[in-house]
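Below is one structure, written out as structure tokens; comments come after it.
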Amino acid sequence: MTAKPRPIFIGSEIYRTSSYGDWHPLRVPRVSTVMDLTRAMGWLPVSQYINSPRAKPAALHIWHTSDYIAALQNAEASGNVSDAVKQRHSIGTHSNPVFPEIFRRPATAAGASLLSGELLRDGGVVYSPAGGTHHGMPDRANGFCYLNDPVLAILSLRRQGVHRIAYVDIDAHHPDGVEFAFADDPDVLMLSVHEEGRWPRTGALTDRGVGQVFNLPVPRQFNDTEMQYIMDQLILPKVIAFKPDAIVLQCGADMVEEDPLSRLSLSNNAHWAVVAALRPLSDRYLVLGGGGYNPWSVGRLWTGVWAILNGNEIPERLSAEAENVLRSLRWYGNRRGKNPPDHWFTTLRDPRNPGPIRDEIRTRVNAHQS
């Protein structure tokens, strides 16, 4: 029997040197931290790492408009946008600022997702923590997302002959761009668990597409036990029944308790449980990053994702080299960055956060089972 190929990690150094700006939530290092931590742990040999290509404009036109891609390139070249471009394409706004790599950075994440579709043609596991920009729209930036790499990944898989694709999203924010792309496509199963009342305030429980869209808004203080219940009662049954040829998981890290842009209370154990449970349900598995604005929470959670995908044991105490990676991080402009708890430096695994399963969770899950 031929051994299955080992998981592939797609990364890039562009994330080490690029930022949305000193005031923006995406000022914090994320992907570079994961790259450094996985290497410090001895989990990322050269044979499993691919440097991400940058998507060419023509490749992006499979979903994004040519005018919009040109606007991003022009904004990068000139360092500014006109009022007309800002209004039409939502570039140069508070959420979607003009920064030096405004085209190159998202095009690199998009290139990773497009490549992933090709890599997964015959099966395998690919991890692209820079991906997961699920708000991007065909003709405009949206919610920190200039391009929509999950949509591009699904379309890339389709080009490789992969027909039925399950998209699961466990980011605190609803994937409005992905739902916009595939709500009317019966061969893309969409499952999203997201915080109710949180921007972009889409993804209502009753939004069902053509019957294959399942949105589950969850209340504040959403805990690990509730996520386990949703996974067992909704996510896994729906994915299993769908019999996907491929699974794409958007594993945003902003549902954890310490994230500044949500009011949820998961530990990273809840994310890792979803990552592990979905892996055996398809021969093709793509795991993307997404939201996450606490640099320690994101780095630890996404490094643990790579460990789960490879079957590596997560140690109780990090090596000195790995600990140094975490101690070198800085989070200016947020009170949580002034006196971080010690376990943010010494471990990957959060303390678990169990709790009661509230009635509104049960009622909403039941609404999708009738």
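Just so we're on the same page: first chain in the structure tokens is A, next is B, and so on; residues restart at 1 for each chain, and ligands are numbered from 1 in the order they show up.
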Filtered DSSP result for stretch 58-172 of chain A, state strand (DSSP E), as number ranges by chain: A: 124-128, 165-169
Nearby residues (only C-alpha atoms) at most 12 Å from A:Pro150, same-chain spacing under 3 positions excluded, as number ranges by chain: A: 63, 106, 109-117, 128-137, 145, 147, 153-157, 165-169, 175-182, 190, 247-251, 286-290
Counting only C-alpha atoms, the residue of A:Asp359, A:Asp207, A:Glu13, A:Glu316 that sits nearest A:Val31: A:Glu13
Stretch 34-43 of chain A environment, 7 Å, only C-alpha atoms, sequence neighbours closer than 3 positions dropped, as a PyMOL selection string: chain A and resi 30-31+299+302-303+321-322+325
Could those residues be written to a file, using N, CA and C atoms, as a CSV table (one decimal), in the first residue's frame?
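out.csv written:
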chain,number,residue,atom,x,y,z
A,30,ARG,N,1.2,37.2,12.7
A,30,ARG,CA,0.4,35.9,12.8
A,30,ARG,C,1.0,34.8,12.1
A,31,VAL,N,1.0,34.8,10.8
A,31,VAL,CA,1.6,33.7,10.0
A,31,VAL,C,3.0,33.5,10.3
A,299,GLY,N,-1.0,32.6,17.2
A,299,GLY,CA,0.2,31.8,17.0
A,299,GLY,C,0.1,30.4,17.6
A,302,TRP,N,-2.9,28.3,15.8
A,302,TRP,CA,-2.6,27.8,14.5
A,302,TRP,C,-1.4,26.9,14.4
A,303,THR,N,-0.5,27.0,15.3
A,303,THR,CA,0.6,26.0,15.4
A,303,THR,C,0.0,24.7,15.9
A,321,GLU,N,13.4,27.2,22.7
A,321,GLU,CA,13.4,27.9,21.4
A,321,GLU,C,12.0,28.4,21.1
A,322,ALA,N,11.0,27.5,21.3
A,322,ALA,CA,9.6,27.9,21.0
A,322,ALA,C,9.1,29.0,21.9
A,325,VAL,N,10.2,32.3,20.9
A,325,VAL,CA,9.4,32.9,19.8
A,325,VAL,C,8.2,33.7,20.4
Pick from A:Phe345, A:Trp23, A:Tyr68, A:Phe9 nearest to A:Arg140, counting only C-alpha atoms: A:Tyr68
